[in-house]
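Dropping input-v6.csv in here (CSV, C-alpha atoms and all ligand atoms):
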```csv
chain,number,residue,atom,x,y,z
A,1,MET,CA,13.2,324.8,-56.8
A,2,LEU,CA,13.8,327.0,-59.7
A,3,LYS,CA,15.9,324.3,-61.4
A,4,LYS,CA,13.1,321.7,-61.1
A,5,ALA,CA,10.5,324.1,-62.4
A,6,THR,CA,12.7,324.9,-65.4
A,7,ARG,CA,13.2,321.2,-66.1
A,8,LEU,CA,9.5,320.5,-66.0
A,9,LEU,CA,8.8,323.4,-68.2
A,10,LEU,CA,11.3,322.1,-70.7
A,11,LEU,CA,9.8,318.7,-70.5
A,12,SER,CA,6.2,319.7,-71.1
A,13,PHE,CA,7.4,321.9,-73.9
A,14,THR,CA,9.0,318.9,-75.5
A,15,PHE,CA,5.9,316.8,-75.0
A,16,VAL,CA,3.5,319.2,-76.5
A,17,LEU,CA,5.5,319.8,-79.6
A,18,PHE,CA,7.0,316.5,-80.5
A,19,PHE,CA,5.8,313.6,-78.5
A,20,PRO,CA,2.2,313.9,-77.7
A,21,LEU,CA,1.3,310.2,-77.2
A,22,GLN,CA,4.1,307.7,-76.9
A,23,GLN,CA,6.0,309.6,-74.3
A,24,THR,CA,6.6,307.8,-71.0
A,25,PHE,CA,8.7,309.1,-68.1
A,26,ALA,CA,11.9,307.2,-67.8
A,27,ASN,CA,11.0,306.6,-64.1
A,28,ASN,CA,7.9,304.6,-65.0
A,29,ASP,CA,10.0,301.8,-66.3
A,30,SER,CA,12.0,301.7,-63.0
A,31,LYS,CA,11.6,298.7,-60.7
A,32,VAL,CA,11.8,301.1,-57.8
A,33,LYS,CA,8.6,302.6,-56.4
A,34,VAL,CA,7.7,304.7,-53.4
A,35,LEU,CA,4.6,304.6,-51.2
A,36,HIS,CA,2.6,307.8,-51.3
A,37,ASN,CA,0.6,306.6,-48.4
A,38,GLU,CA,0.8,303.9,-45.8
A,39,ALA,CA,-0.1,300.5,-47.4
A,40,ASN,CA,-0.3,296.8,-46.6
A,41,LEU,CA,2.1,294.1,-47.7
A,42,TYR,CA,0.1,290.9,-48.3
A,43,ASN,CA,0.9,287.2,-48.4
A,44,GLU,CA,0.5,285.2,-51.6
A,45,ASP,CA,-3.3,284.8,-51.0
A,46,TYR,CA,-3.7,288.6,-51.4
A,47,SER,CA,-5.8,288.8,-48.2
A,48,THR,CA,-3.5,288.1,-45.2
A,49,VAL,CA,-1.7,291.2,-44.2
A,50,GLN,CA,2.0,290.5,-43.6
A,51,GLN,CA,2.8,294.0,-42.4
A,52,SER,CA,1.8,297.5,-42.7
A,53,VAL,CA,4.4,299.7,-44.5
A,54,VAL,CA,4.8,303.3,-43.8
A,55,LYS,CA,4.6,306.2,-46.2
A,56,ASN,CA,7.7,307.1,-48.3
A,57,THR,CA,9.1,303.6,-48.0
A,58,PHE,CA,10.9,302.4,-51.2
A,59,ILE,CA,9.6,299.3,-52.8
A,60,VAL,CA,11.4,297.1,-55.3
A,61,ILE,CA,9.2,295.4,-57.9
A,62,LEU,CA,10.2,291.7,-58.3
A,63,GLU,CA,7.3,290.7,-60.7
A,64,LYS,CA,4.7,293.0,-62.1
A,65,GLN,CA,1.2,291.7,-62.5
A,66,GLN,CA,-2.1,293.3,-63.5
A,67,GLN,CA,-3.3,294.7,-60.2
A,68,TRP,CA,-0.8,293.3,-57.8
A,69,SER,CA,3.0,293.1,-57.9
A,70,LYS,CA,5.4,290.8,-56.1
A,71,VAL,CA,7.6,293.2,-54.2
A,72,ASP,CA,10.6,293.4,-51.9
A,73,VAL,CA,10.2,295.8,-48.9
A,74,ASN,CA,13.5,296.0,-47.1
A,75,GLY,CA,14.0,292.3,-47.4
A,76,ALA,CA,10.3,291.3,-46.8
A,77,ILE,CA,8.8,289.6,-49.8
A,78,GLY,CA,5.1,289.9,-50.4
A,79,TYR,CA,2.4,291.4,-52.6
A,80,MET,CA,1.2,294.9,-52.9
A,81,LYS,CA,-1.5,296.7,-55.0
A,82,ASN,CA,0.0,298.6,-57.9
A,83,THR,CA,-2.2,301.6,-57.1
A,84,ALA,CA,-0.4,302.0,-53.8
A,85,MET,CA,2.9,302.6,-55.4
A,86,SER,CA,4.2,305.7,-57.3
A,87,PRO,CA,7.2,306.1,-59.5
A,88,ALA,CA,10.2,307.2,-57.4
A,89,ASN,CA,12.4,310.1,-58.2
A,90,SER,CA,16.0,309.4,-58.9
A,91,GLU,CA,19.3,311.1,-59.6
A,92,ILE,CA,22.2,310.2,-61.8
A,93,ARG,CA,25.4,309.3,-60.1
A,94,LEU,CA,28.8,308.0,-61.4
A,95,VAL,CA,30.4,305.0,-59.7
A,96,VAL,CA,33.9,306.0,-58.7
A,97,SER,CA,35.9,303.2,-57.1
A,98,SER,CA,39.3,301.5,-57.5
A,99,SER,CA,37.5,298.1,-57.4
A,100,SER,CA,34.1,296.8,-58.8
A,101,PRO,CA,31.8,297.6,-55.8
A,102,ILE,CA,29.4,294.9,-54.6
A,103,VAL,CA,25.7,295.5,-54.9
A,104,ARG,CA,23.8,294.0,-51.9
A,105,ALA,CA,20.2,293.0,-51.4
A,106,LEU,CA,19.9,295.1,-48.2
A,107,PRO,CA,21.6,298.2,-46.8
A,108,GLU,CA,23.9,296.2,-44.6
A,109,LYS,CA,27.5,295.3,-44.8
A,110,TYR,CA,27.0,291.5,-44.8
A,111,ALA,CA,23.8,291.4,-46.7
A,112,GLN,CA,23.5,289.0,-49.7
A,113,GLN,CA,25.5,290.0,-52.8
A,114,ILE,CA,23.5,290.4,-55.9
A,115,GLY,CA,26.2,291.6,-58.3
A,116,HIS,CA,28.9,294.2,-59.0
A,117,VAL,CA,28.9,297.7,-60.6
A,118,GLN,CA,31.9,298.8,-62.6
A,119,SER,CA,33.7,302.0,-61.8
A,120,GLY,CA,32.6,304.6,-64.4
A,121,ALA,CA,29.1,303.2,-64.6
A,122,VAL,CA,26.2,305.6,-64.5
A,123,VAL,CA,23.4,304.5,-62.1
A,124,GLN,CA,20.1,305.9,-60.9
A,125,VAL,CA,20.1,306.6,-57.1
A,126,TYR,CA,16.8,306.5,-55.3
A,127,ASN,CA,17.4,306.7,-51.6
A,128,GLN,CA,20.2,307.1,-49.1
A,129,THR,CA,20.0,305.3,-45.8
A,130,THR,CA,21.4,306.8,-42.7
A,131,ASN,CA,24.0,304.0,-42.4
A,132,GLY,CA,25.9,304.9,-45.5
A,133,PHE,CA,24.1,303.0,-48.3
A,134,SER,CA,22.2,304.1,-51.4
A,135,LEU,CA,19.5,302.2,-53.3
A,136,ILE,CA,20.6,302.1,-56.9
A,137,GLU,CA,19.3,300.7,-60.2
A,138,THR,CA,21.2,299.7,-63.2
A,139,LYS,CA,19.9,298.0,-66.3
A,140,ASP,CA,20.9,294.6,-64.7
A,141,PHE,CA,19.7,294.9,-61.1
A,142,THR,CA,18.4,296.9,-58.1
A,143,GLY,CA,20.2,296.9,-54.8
A,144,TYR,CA,22.4,298.8,-52.3
A,145,VAL,CA,25.9,300.1,-52.6
A,146,TYR,CA,28.0,302.4,-50.3
A,147,THR,CA,27.0,306.0,-50.8
A,148,SER,CA,30.7,307.0,-50.7
A,149,ILE,CA,31.4,305.4,-54.1
A,150,LEU,CA,28.7,307.5,-55.9
A,151,LYS,CA,29.7,310.8,-57.3
A,152,VAL,CA,27.9,313.6,-59.0
A,153,PRO,CA,29.1,313.5,-62.6
A,154,ALA,CA,30.7,316.5,-64.1
A,155,SER,CA,28.1,317.7,-66.6
A,156,LYS,CA,28.4,319.9,-69.6
A,157,LYS,CA,25.5,321.6,-71.4
A,158,MET,CA,25.3,320.9,-75.2
A,159,LEU,CA,22.8,321.2,-78.0
A,160,VAL,CA,21.5,318.6,-80.4
A,161,GLY,CA,23.3,319.8,-83.6
A,162,ASP,CA,22.0,317.3,-86.2
A,163,SER,CA,19.1,318.6,-88.2
A,164,LYS,CA,17.5,315.1,-88.0
A,165,GLY,CA,17.8,315.1,-84.3
A,166,ALA,CA,19.5,312.7,-81.9
A,167,ALA,CA,18.1,309.3,-81.0
A,168,VAL,CA,18.3,308.4,-77.3
A,169,ARG,CA,18.9,304.7,-76.4
A,170,ASN,CA,19.1,302.8,-73.2
A,171,SER,CA,22.6,301.4,-74.0
A,172,ALA,CA,25.5,302.6,-76.1
A,173,SER,CA,24.6,300.5,-79.1
A,174,MET,CA,22.8,300.8,-82.4
A,175,GLN,CA,21.2,297.4,-81.8
A,176,VAL,CA,18.9,298.6,-79.0
A,177,PRO,CA,15.6,300.3,-79.8
A,178,ILE,CA,15.3,304.0,-79.8
A,179,GLN,CA,13.7,305.4,-76.6
A,180,MET,CA,12.9,308.7,-78.3
A,181,THR,CA,14.4,311.3,-80.6
A,182,LEU,CA,15.5,314.7,-79.4
A,183,VAL,CA,15.0,317.4,-82.1
A,184,GLN,CA,17.7,319.8,-83.2
A,185,HIS,CA,18.6,322.6,-80.8
A,186,THR,CA,17.3,320.6,-77.7
A,187,GLU,CA,19.6,321.4,-74.8
A,188,VAL,CA,21.1,318.3,-73.0
A,189,SER,CA,23.4,317.7,-70.1
A,190,VAL,CA,26.3,315.5,-71.1
A,191,PHE,CA,27.6,313.3,-68.3
A,192,GLU,CA,30.2,311.2,-70.0
A,193,THR,CA,31.4,310.5,-73.5
A,194,LYS,CA,33.1,307.2,-74.3
A,195,ASP,CA,33.7,305.3,-77.5
A,196,GLY,CA,31.6,307.8,-79.6
A,197,TRP,CA,28.6,307.7,-77.3
A,198,SER,CA,27.4,310.4,-74.8
A,199,TYR,CA,25.3,309.7,-71.8
A,200,ILE,CA,22.8,312.6,-71.6
A,201,GLN,CA,19.9,314.0,-69.7
A,202,SER,CA,17.2,316.3,-71.0
A,203,GLY,CA,14.3,316.9,-68.8
A,204,LEU,CA,13.4,313.5,-67.4
A,205,ILE,CA,14.9,311.7,-70.4
A,206,GLN,CA,18.2,309.9,-69.9
A,207,GLY,CA,20.2,307.7,-72.2
A,208,TYR,CA,22.9,307.4,-74.8
A,209,VAL,CA,23.2,309.4,-78.0
A,210,ILE,CA,25.8,309.3,-80.7
A,211,ALA,CA,28.3,311.9,-79.5
A,212,ASN,CA,28.7,313.7,-82.9
A,213,LYS,CA,25.0,314.5,-83.0
A,214,LEU,CA,25.7,317.1,-80.3
A,215,LYS,CA,27.5,320.4,-80.5
A,216,ASP,CA,28.8,322.9,-78.0
A,217,ILE,CA,26.6,325.8,-77.0
A,218,THR,CA,29.3,328.4,-77.1
A,219,PRO,CA,32.9,328.1,-78.6
A,220,MET,CA,34.2,327.9,-75.0
A,221,PRO,CA,31.8,325.6,-73.1
A,222,LYS,CA,31.9,326.0,-69.3
A,223,LEU,CA,32.5,322.8,-67.3
A,224,ASN,CA,30.1,322.7,-64.5
A,225,LEU,CA,32.3,320.9,-62.0
A,226,PRO,CA,30.9,320.4,-58.5
A,227,LYS,CA,33.1,321.8,-55.8
A,228,TYR,CA,34.3,318.5,-54.6
A,229,ASN,CA,34.9,316.9,-58.0
A,230,THR,CA,38.6,316.7,-58.1
A,231,GLY,CA,38.8,313.8,-60.5
A,232,LEU,CA,41.0,315.9,-62.9
A,233,VAL,CA,43.8,316.1,-60.4
A,234,SER,CA,46.0,313.0,-60.4
A,235,LYS,CA,46.6,311.6,-57.0
A,236,THR,CA,50.3,311.1,-56.3
A,237,LYS,CA,50.6,311.8,-52.6
A,238,ARG,CA,48.9,310.2,-49.6
A,239,VAL,CA,47.7,311.6,-46.3
A,240,ALA,CA,46.0,309.9,-43.3
A,241,LEU,CA,43.3,312.0,-41.5
A,242,THR,CA,42.7,310.8,-38.0
A,243,PHE,CA,39.8,311.8,-35.7
A,244,ASP,CA,40.2,311.2,-31.9
A,245,ASP,CA,38.0,310.9,-28.8
A,246,GLY,CA,34.6,310.1,-30.4
A,247,PRO,CA,32.3,308.8,-31.6
A,248,HIS,CA,30.0,311.9,-31.1
A,249,PRO,CA,26.3,311.7,-32.1
A,250,THR,CA,26.3,314.8,-34.3
A,251,VAL,CA,29.8,315.9,-35.0
A,252,THR,CA,31.0,312.5,-36.2
A,253,GLN,CA,28.0,312.2,-38.6
A,254,GLN,CA,28.9,315.6,-40.2
A,255,ILE,CA,32.5,314.4,-40.6
A,256,LEU,CA,31.3,311.2,-42.2
A,257,LYS,CA,29.3,313.2,-44.7
A,258,SER,CA,32.2,315.4,-45.7
A,259,LEU,CA,34.5,312.4,-46.0
A,260,SER,CA,32.0,310.6,-48.2
A,261,LYS,CA,31.8,313.6,-50.6
A,262,TYR,CA,35.5,313.3,-51.3
A,263,ASN,CA,35.6,309.5,-51.3
A,264,ALA,CA,38.1,309.9,-48.4
A,265,LYS,CA,39.0,307.2,-46.0
A,266,ALA,CA,40.1,308.1,-42.5
A,267,THR,CA,40.9,306.6,-39.1
A,268,PHE,CA,38.8,307.1,-35.9
A,269,PHE,CA,40.5,306.6,-32.6
A,270,VAL,CA,37.6,306.1,-30.3
A,271,THR,CA,37.3,305.9,-26.6
A,272,GLY,CA,35.5,302.8,-25.1
A,273,ARG,CA,33.2,305.1,-23.1
A,274,ASN,CA,31.9,306.9,-26.2
A,275,SER,CA,31.7,303.6,-28.2
A,276,SER,CA,29.4,302.1,-25.6
A,277,ARG,CA,27.3,305.3,-25.5
A,278,TYR,CA,27.0,305.6,-29.3
A,279,PRO,CA,27.5,302.1,-30.8
A,280,ALA,CA,25.3,303.0,-33.8
A,281,VAL,CA,27.6,305.9,-34.8
A,282,LEU,CA,30.6,303.7,-34.5
A,283,LYS,CA,28.9,301.1,-36.7
A,284,GLU,CA,28.3,303.9,-39.2
A,285,ILE,CA,31.9,304.8,-39.3
A,286,SER,CA,32.9,301.2,-39.8
A,287,VAL,CA,30.3,300.6,-42.5
A,288,ALA,CA,31.5,303.6,-44.5
A,289,GLY,CA,34.9,301.8,-44.7
A,290,HIS,CA,37.0,303.9,-42.2
A,291,GLU,CA,39.5,302.3,-39.9
A,292,ILE,CA,38.8,302.1,-36.1
A,293,GLY,CA,41.5,302.5,-33.5
A,294,ASN,CA,41.5,302.1,-29.7
A,295,HIS,CA,42.0,305.3,-27.7
A,296,THR,CA,41.5,303.8,-24.1
A,297,TYR,CA,38.2,303.6,-22.3
A,298,ASP,CA,38.3,306.8,-20.3
A,299,HIS,CA,40.9,308.8,-22.2
A,300,VAL,CA,43.5,308.4,-19.5
A,301,LYS,CA,47.2,309.1,-19.5
A,302,LEU,CA,48.5,305.5,-19.5
A,303,THR,CA,51.9,306.4,-17.9
A,304,ALA,CA,50.1,307.9,-14.9
A,305,ILE,CA,48.2,304.7,-13.9
A,306,SER,CA,49.2,301.1,-13.0
A,307,VAL,CA,50.1,298.6,-15.7
A,308,LYS,CA,47.1,296.5,-14.7
A,309,ALA,CA,44.8,299.5,-15.0
A,310,ALA,CA,46.3,300.4,-18.4
A,311,LYS,CA,45.6,296.9,-19.7
A,312,GLN,CA,42.0,297.1,-18.4
A,313,GLN,CA,41.6,300.5,-20.2
A,314,ILE,CA,42.7,298.9,-23.5
A,315,ASP,CA,40.9,295.6,-23.2
A,316,ALA,CA,37.6,297.2,-22.2
A,317,THR,CA,37.8,299.5,-25.2
A,318,ASN,CA,38.5,296.6,-27.6
A,319,LYS,CA,35.4,294.9,-26.2
A,320,ALA,CA,33.2,297.9,-26.6
A,321,ILE,CA,34.4,298.4,-30.2
A,322,GLU,CA,33.9,294.7,-31.1
A,323,SER,CA,30.4,294.6,-29.7
A,324,ALA,CA,29.4,297.7,-31.6
A,325,ILE,CA,30.8,296.9,-35.1
A,326,GLY,CA,31.5,293.1,-35.0
A,327,ASN,CA,35.1,293.7,-35.8
A,328,LYS,CA,38.2,294.4,-33.8
A,329,ALA,CA,40.1,297.7,-33.6
A,330,THR,CA,43.2,297.5,-35.7
A,331,VAL,CA,45.4,300.3,-34.3
A,332,PHE,CA,46.0,302.0,-30.9
A,333,ARG,CA,46.8,305.6,-30.0
A,334,PRO,CA,47.6,306.5,-26.4
A,335,PRO,CA,45.9,309.7,-25.2
A,336,TYR,CA,48.3,312.6,-25.1
A,337,GLY,CA,50.8,310.5,-27.0
A,338,ALA,CA,51.9,309.2,-23.6
A,339,TYR,CA,53.4,305.7,-23.4
A,340,ASN,CA,56.5,303.8,-22.3
A,341,ASP,CA,57.8,300.3,-22.8
A,342,LEU,CA,55.6,298.8,-20.2
A,343,THR,CA,52.4,300.3,-21.6
A,344,ARG,CA,53.4,299.2,-25.0
A,345,GLN,CA,53.5,295.6,-23.9
A,346,GLN,CA,49.8,295.7,-22.9
A,347,THR,CA,48.5,295.3,-26.4
A,348,THR,CA,49.6,293.7,-29.7
A,349,LEU,CA,47.9,296.6,-31.6
A,350,PRO,CA,50.4,298.9,-33.4
A,351,PHE,CA,50.9,302.2,-31.7
A,352,VAL,CA,50.1,305.1,-34.0
A,353,LEU,CA,50.9,308.8,-33.1
A,354,TRP,CA,50.7,311.7,-35.6
A,355,SER,CA,52.9,314.1,-37.5
A,356,VAL,CA,50.6,317.1,-38.0
A,357,ASP,CA,48.8,318.4,-34.9
A,358,THR,CA,45.9,320.7,-35.9
A,359,LEU,CA,45.4,321.8,-32.3
A,360,ASP,CA,41.7,321.9,-33.1
A,361,TRP,CA,40.9,321.1,-29.4
A,362,LYS,CA,42.7,324.2,-28.3
A,363,HIS,CA,41.7,327.0,-30.8
A,364,ARG,CA,38.3,325.6,-31.9
A,365,ASP,CA,38.7,327.6,-35.1
A,366,ALA,CA,37.6,326.0,-38.4
A,367,ASN,CA,39.9,328.3,-40.5
A,368,LYS,CA,42.9,327.7,-38.3
A,369,ILE,CA,42.8,324.0,-39.0
A,370,LEU,CA,43.3,324.6,-42.7
A,371,GLN,CA,46.1,327.1,-42.0
A,372,ILE,CA,48.0,324.6,-39.9
A,373,ILE,CA,47.5,321.8,-42.4
A,374,THR,CA,48.5,323.8,-45.5
A,375,SER,CA,51.9,324.8,-43.8
A,376,ASN,CA,52.7,321.4,-42.4
A,377,THR,CA,51.3,318.6,-44.5
A,378,LYS,CA,53.5,316.5,-46.8
A,379,ASN,CA,53.3,313.1,-48.5
A,380,GLY,CA,52.8,310.5,-45.8
A,381,SER,CA,51.6,312.9,-43.1
A,382,ILE,CA,49.3,311.6,-40.3
A,383,ILE,CA,47.0,314.5,-39.3
A,384,LEU,CA,45.5,314.7,-35.8
A,385,MET,CA,41.9,316.1,-35.4
A,386,HIS,CA,39.0,315.5,-33.0
A,387,ASP,CA,35.5,314.5,-34.0
A,388,ILE,CA,34.0,315.8,-30.8
A,389,HIS,CA,34.4,319.5,-31.6
A,390,GLN,CA,31.9,321.2,-34.0
A,391,PRO,CA,34.5,323.6,-35.6
A,392,THR,CA,36.5,320.6,-36.7
A,393,ALA,CA,33.5,319.3,-38.6
A,394,ASN,CA,32.8,322.7,-40.1
A,395,GLY,CA,36.4,323.2,-41.3
A,396,LEU,CA,36.7,319.7,-42.8
A,397,ASP,CA,35.2,320.4,-46.3
A,398,ALA,CA,37.8,323.1,-46.9
A,399,VAL,CA,40.6,320.8,-45.7
A,400,LEU,CA,39.5,317.9,-48.0
A,401,HIS,CA,39.1,320.3,-50.9
A,402,TYR,CA,42.5,321.8,-50.5
A,403,LEU,CA,44.3,318.5,-50.0
A,404,SER,CA,42.5,317.0,-53.0
A,405,MET,CA,43.5,319.8,-55.2
A,406,GLN,CA,47.1,319.3,-54.0
A,407,GLY,CA,46.9,315.8,-55.3
A,408,TYR,CA,46.5,314.0,-52.0
A,409,GLU,CA,44.7,310.7,-51.7
A,410,PHE,CA,43.0,310.1,-48.3
A,411,VAL,CA,43.9,306.7,-46.7
A,412,THR,CA,43.8,305.0,-43.3
A,413,VAL,CA,46.8,305.0,-41.0
A,414,SER,CA,47.3,301.3,-41.6
A,415,GLU,CA,47.5,301.9,-45.3
A,416,ILE,CA,50.0,304.8,-44.9
A,417,LEU,CA,52.2,302.8,-42.5
A,418,GLN,CA,52.5,299.8,-44.9
B,501,NI,NI,42.6,312.0,-27.4
```

What would you get if you wrote out this structure as C-alpha cells?
Amino acid sequence: MLKKATRLLLLSFTFVLFFPLQQTFANNDSKVKVLHNEANLYNEDYSTVQQSVVKNTFIVILEKQQQWSKVDVNGAIGYMKNTAMSPANSEIRLVVSSSSPIVRALPEKYAQQIGHVQSGAVVQVYNQTTNGFSLIETKDFTGYVYTSILKVPASKKMLVGDSKGAAVRNSASMQVPIQMTLVQHTEVSVFETKDGWSYIQSGLIQGYVIANKLKDITPMPKLNLPKYNTGLVSKTKRVALTFDDGPHPTVTQQILKSLSKYNAKATFFVTGRNSSRYPAVLKEISVAGHEIGNHTYDHVKLTAISVKAAKQQIDATNKAIESAIGNKATVFRPPYGAYNDLTRQQTTLPFVLWSVDTLDWKHRDANKILQIITSNTKNGSIILMHDIHQPTANGLDAVLHYLSMQGYEFVTVSEILQ
C-alpha cells in the first residue's frame, strides 16, 4: 500500500511541476481495459445484446471508435460502450525462456497463435488466469503466454543525471517520438540496459532512455534482486523434482505456484483415482509444462496383486490421465518402488524410480525436506516428494531457492534420463 501511495505522490508531483497538460498515463494507450461494472456486449447493430459481461473482466480493444469499440472478450467478438471500460493496471515482467514463447489468442494450450515474444523482452502483464496463463501486451500484440515464463526483472534505482533531463521513448531508438522528458534528479527504476538504452519506470511512466543520461544514486548502488531471481547463477547441473500420489486440490496448486516462480519443470506421478477426482488440477499441471506419470489407480503394491489386476491398475490410470489432459502419461512409477519382471511387461512406459527420498510422507516437516536434499542431491538426482502433504508445499520454496543458488536447473525425469 505504502509503495503505491509513494508512487502516486511522486507522479502527481511530476505532473504539477513539469507536465501540466500533455501528460497521459501510459495505461490509457493500452489496448487492454477492464470492466468497472457489469456491462453488455452487443452485436454489430449496437442494440442486440450478445452477452452480459461480469465486473472485472479484461477486455481487449480491437478497433476504437467514437463511442463504441470493437472488442474481444475472452474470444467473443462484439461491441461495447467506451464508457463501460476503464484503463487496466499492469505490471512489468521480463520474458525468460530458452525458446521464443508463443502468444495465443486465448488462455488455452491449443488456442490460436498470434505471435511470439523473445526471451529478454519487457512486457506489460494485466491478468493471470487460474490455469497458468497471463494476459500480456507488447508493442506488437495482446495475448496470452504461460505465466511461468514471466519474471520480475531485477531493478536498480538511479537518478536522471543530465541537466537537460532524459527523454523517454516507447522503443530503444532516436527515430521514435519522445513520450515525455524526465527532469534532472528524477528517480527511476532501471530494469535492463542494452546497447546504450535503459528500460525505466518512474511513477506510471515506462520506456527507454539513453543509458548515460542516468547516474547511480550512491557510489555502491544496491541491487534489488527478488528472492527467487537466480539469473546470475549459471546453471551447470540438473535435477528432477518428482511429486507423487496427487493431484490434490490445494497442495498441488501451491506447488505449481512455487515451481512457476523459479521457472522450474517437474514430474507428477499421479494416481488414476485422484486424476478422476481432480481432472482440472491435473490439466493445470500439464498446461504449466510439467511431465505427467502414471502411479497406478489405487496406489497399490503391484507385486502383491495378480498380473491381470496390475495391468488394469495401469490401464485405467492411463485412461483417467488422457481424459483429463488430452495427452498420455509418458512415464510410470510403481508405488513403493515395488515391481518385478512380470509387472514390468504390463506397460511400455519407462519405469522411473528415484535417487533421493525426502521421506516427506513420514516426517511431515518442511525444514527436514531441505536438510535431506542438501546432503544428498547431486547432478542428475531424481528427488521424491509428495504433492498431497501440506508441509511439502510449504518447504518447496526453500528447496527451489537452495538448488537454484547451487546452479541446478529443474527438468523433468524424461529430460534427465535422456
Ligand atoms: Ni506413491

*Would you list the residues near (31.9, 322.4, -29.2), meaning any protein, DNA or RNA residue with an atom at most 10 Å from that point in file coordinates, counting only C-alpha atoms, as a ChimeraX atom specification?*
/A:251,361,364,387-392

_Which residues are close to region 48-51 of chain A, i.e. within 12 Å by all atoms listed in the file, leaving aside same-chain residues fewer than 4 positions away? Reply as a ChimeraX atom specification._
/A:38-44,73-74,76-80

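Between CA of Thr186 (chain A) and CA of Gly165 (chain A) there is a distance of 8.6 Å.
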
So that I can check the surroundings of Ile292 (chain A), please list as a PDB file with C-alpha atoms, in the frame of the given file every protein, DNA and RNA residue that reaches within 12 Å of it, counting all atoms listed in the file and ignoring chain neighbours fewer than 2 positions away.
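New file part.pdb:
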```
ATOM      1  CA  THR A 242      42.700 310.800 -38.000  1.00  0.00           C
ATOM      2  CA  PHE A 243      39.800 311.800 -35.700  1.00  0.00           C
ATOM      3  CA  ASP A 244      40.200 311.200 -31.900  1.00  0.00           C
ATOM      4  CA  ASP A 245      38.000 310.900 -28.800  1.00  0.00           C
ATOM      5  CA  GLY A 246      34.600 310.100 -30.400  1.00  0.00           C
ATOM      6  CA  PRO A 247      32.300 308.800 -31.600  1.00  0.00           C
ATOM      7  CA  LYS A 265      39.000 307.200 -46.000  1.00  0.00           C
ATOM      8  CA  ALA A 266      40.100 308.100 -42.500  1.00  0.00           C
ATOM      9  CA  THR A 267      40.900 306.600 -39.100  1.00  0.00           C
ATOM     10  CA  PHE A 268      38.800 307.100 -35.900  1.00  0.00           C
ATOM     11  CA  PHE A 269      40.500 306.600 -32.600  1.00  0.00           C
ATOM     12  CA  VAL A 270      37.600 306.100 -30.300  1.00  0.00           C
ATOM     13  CA  THR A 271      37.300 305.900 -26.600  1.00  0.00           C
ATOM     14  CA  GLY A 272      35.500 302.800 -25.100  1.00  0.00           C
ATOM     15  CA  SER A 275      31.700 303.600 -28.200  1.00  0.00           C
ATOM     16  CA  VAL A 281      27.600 305.900 -34.800  1.00  0.00           C
ATOM     17  CA  LEU A 282      30.600 303.700 -34.500  1.00  0.00           C
ATOM     18  CA  LYS A 283      28.900 301.100 -36.700  1.00  0.00           C
ATOM     19  CA  GLU A 284      28.300 303.900 -39.200  1.00  0.00           C
ATOM     20  CA  ILE A 285      31.900 304.800 -39.300  1.00  0.00           C
ATOM     21  CA  SER A 286      32.900 301.200 -39.800  1.00  0.00           C
ATOM     22  CA  VAL A 287      30.300 300.600 -42.500  1.00  0.00           C
ATOM     23  CA  ALA A 288      31.500 303.600 -44.500  1.00  0.00           C
ATOM     24  CA  GLY A 289      34.900 301.800 -44.700  1.00  0.00           C
ATOM     25  CA  HIS A 290      37.000 303.900 -42.200  1.00  0.00           C
ATOM     26  CA  ASN A 294      41.500 302.100 -29.700  1.00  0.00           C
ATOM     27  CA  HIS A 295      42.000 305.300 -27.700  1.00  0.00           C
ATOM     28  CA  THR A 317      37.800 299.500 -25.200  1.00  0.00           C
ATOM     29  CA  ASN A 318      38.500 296.600 -27.600  1.00  0.00           C
ATOM     30  CA  ALA A 320      33.200 297.900 -26.600  1.00  0.00           C
ATOM     31  CA  ILE A 321      34.400 298.400 -30.200  1.00  0.00           C
ATOM     32  CA  GLU A 322      33.900 294.700 -31.100  1.00  0.00           C
ATOM     33  CA  ALA A 324      29.400 297.700 -31.600  1.00  0.00           C
ATOM     34  CA  ILE A 325      30.800 296.900 -35.100  1.00  0.00           C
ATOM     35  CA  GLY A 326      31.500 293.100 -35.000  1.00  0.00           C
ATOM     36  CA  ASN A 327      35.100 293.700 -35.800  1.00  0.00           C
ATOM     37  CA  LYS A 328      38.200 294.400 -33.800  1.00  0.00           C
ATOM     38  CA  ALA A 329      40.100 297.700 -33.600  1.00  0.00           C
ATOM     39  CA  THR A 330      43.200 297.500 -35.700  1.00  0.00           C
ATOM     40  CA  VAL A 331      45.400 300.300 -34.300  1.00  0.00           C
ATOM     41  CA  PHE A 332      46.000 302.000 -30.900  1.00  0.00           C
ATOM     42  CA  ARG A 333      46.800 305.600 -30.000  1.00  0.00           C
ATOM     43  CA  LEU A 349      47.900 296.600 -31.600  1.00  0.00           C
ATOM     44  CA  VAL A 352      50.100 305.100 -34.000  1.00  0.00           C
ATOM     45  CA  THR A 412      43.800 305.000 -43.300  1.00  0.00           C
ATOM     46  CA  VAL A 413      46.800 305.000 -41.000  1.00  0.00           C
ATOM     47  CA  SER A 414      47.300 301.300 -41.600  1.00  0.00           C
TER      48      SER A 414
END
```

*What gap, in Å, lies between CA of Val168 (chain A) and CA of Asn127 (chain A)?*
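Pair CA of Val168 (chain A) / CA of Asn127 (chain A) returns 25.8 Å.
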
*Taking all atoms listed in the file into account, which of A:Gln184, A:Asn274, A:Ser100, A:Ser173 comes nearest ligand NI 501 (chain B)?*
A:Asn274

*For Thr347 (chain A), please output as a list in words all residues within 10 Å (counting only C-alpha atoms; exclusion window: fewer than 4 positions along the same chain).*
Ala310, Lys311, Ile314, Asp315, Val331, Phe332, Thr343 and Phe351 of chain A

*asked:* Just checking: using all atoms listed in the file, which residue out of A:Pro249, A:Gly293, A:Gly407, A:Gly75 ends up closest to ligand NI 501 (chain B)?
replied: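 Residue with the minimum atom-to-atom distance to ligand NI 501 (chain B): A:Gly293.
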